[in-house]
Amino acid sequence: LLMFSRSDPPPISSRLPWRQKQPPCPWLLIHFHGGGFVAQTSRSHENYLRNWSKELGVPVLSVDYSLSPEAPFPRALEECFYAYCWALNNCHLLGSTAERVCLAGDSAGGNLCITVSMRALTSGIRVPDGIVAAYPATLLTTDASPSRLLTLIDP
């Protein structure tokens, strides 16, 4: 702590304290949490993300995006797309070479996986090598869908 409180800070080292001592992993997993765009954080998904990272031996970047209604659409998409681009350009800071990149998310996070990939495709940016979208929110309209009509007769 004394080192950081000096008036003349030490030079910035290329060795970061959170970096693993292992060689960089060729894979990278980027996670967008679910929660209907209004709830949850990456912290609420931390338990299984830690397990994935450990079991797969892959660094995981979990993105905390701004939630509605304070941050209306398209804020979450913009933040997740920015985080994706940042991860591609700075994968070495995450312990990866990003030869293979996979996006993962549930519900609203699954929607963000798909839309971030679509935005990358239309922007001419490298698209992810894989998407794991668990029960993604893809029908975001108020139209009558078969499941909505069935709920009207379901006690």
# chains A, B, ... in the order shown; residues from 1 in each chain; ligands from 1
call {"tool": "residues_around", "arguments": {"residues": "Asp64 of chain A", "least_positions_apart": "5", "cutoff": "10 Å", "atoms": "only C-alpha atoms", "output": "PyMOL selection string"}}
result
chain A and resi 31-33+40-43+76+79-80+83
call {"tool": "write_last_selection", "arguments": {"atoms": "C-alpha atoms", "output": "mmCIF file, in the first residue's frame"}}
result
data_model
loop_
_atom_site.group_PDB
_atom_site.id
_atom_site.type_symbol
_atom_site.label_atom_id
_atom_site.label_comp_id
_atom_site.auth_asym_id
_atom_site.auth_seq_id
_atom_site.Cartn_x
_atom_site.Cartn_y
_atom_site.Cartn_z
ATOM 1 C CA HIS A 31 -20.814 -14.225 -21.110
ATOM 2 C CA PHE A 32 -23.860 -11.926 -21.071
ATOM 3 C CA HIS A 33 -26.177 -12.507 -18.105
ATOM 4 C CA GLN A 40 -29.432 -9.795 -12.469
ATOM 5 C CA THR A 41 -25.717 -9.137 -12.799
ATOM 6 C CA SER A 42 -22.673 -11.144 -13.766
ATOM 7 C CA ARG A 43 -22.251 -11.803 -10.050
ATOM 8 C CA ALA A 76 -27.290 -2.985 -23.315
ATOM 9 C CA GLU A 79 -22.251 -1.965 -24.142
ATOM 10 C CA CYS A 80 -22.060 -5.693 -24.891
ATOM 11 C CA ALA A 83 -17.125 -5.277 -24.518
#
call {"tool": "select_by_dssp", "arguments": {"residues": "chain A", "states": "helix (DSSP H, G or I)", "output": "PyMOL selection string"}}
result
chain A and resi 2-5+42-56+75-89+91-94+108-123+146-153
call {"tool": "atom_distance", "arguments": {"atom1": "atom CA of Leu28 of chain A", "atom2": "atom CA of Ala134 of chain A"}}
result
18.1 Å
call {"tool": "residues_around", "arguments": {"residues": "Glu70 of chain A", "least_positions_apart": "4", "cutoff": "10 Å", "atoms": "only C-alpha atoms", "output": "ChimeraX atom specification"}}
result
/A:38,66,75
call {"tool": "atom_distance", "arguments": {"atom1": "atom CA of Leu61 of chain A", "atom2": "atom CA of Leu29 of chain A"}}
result
6.3 Å
call {"tool": "residues_around", "arguments": {"residues": "Val127 of chain A", "least_positions_apart": "3", "cutoff": "7 Å", "atoms": "only C-alpha atoms", "output": "PyMOL selection string"}}
result
chain A and resi 117+120-121
call {"tool": "select_by_dssp", "arguments": {"residues": "segment 98-154 of chain A", "states": "strand (DSSP E or B)", "output": "number ranges by chain"}}
result
A: 98-106, 130-134
call {"tool": "residues_around", "arguments": {"residues": "Gly95 of chain A", "least_positions_apart": "3", "cutoff": "10 Å", "atoms": "only C-alpha atoms", "output": "list in words"}}
result
Trp18, Arg19, Gln20, Lys21, Gln22, Pro23, Pro24, Cys25, Pro26, Trp27, Leu28, Val58, Pro59, Val60, Asn90, Cys91, His92 and Ala98 of chain A
call {"tool": "closest_residue", "arguments": {"among": "A:Ile131, A:Leu149, A:Leu139, A:Cys85", "to": "Arg119 of chain A", "atoms": "only C-alpha atoms"}}
result
A:Cys85
call {"tool": "residues_around", "arguments": {"residues": "Tyr84 of chain A", "least_positions_apart": "2", "cutoff": "9 Å", "atoms": "only C-alpha atoms", "output": "MDAnalysis selection string"}}
result
chainID A and resid 30 63 79:82 86:89 103 116
call {"tool": "atom_distance", "arguments": {"atom1": "atom CA of Leu67 of chain A", "atom2": "atom CA of Thr151 of chain A"}}
result
27.7 Å
call {"tool": "closest_residue", "arguments": {"among": "A:Asn51, A:Ser107, A:Thr97, A:Thr115", "to": "Leu77 of chain A", "atoms": "only C-alpha atoms"}}
result
A:Thr115
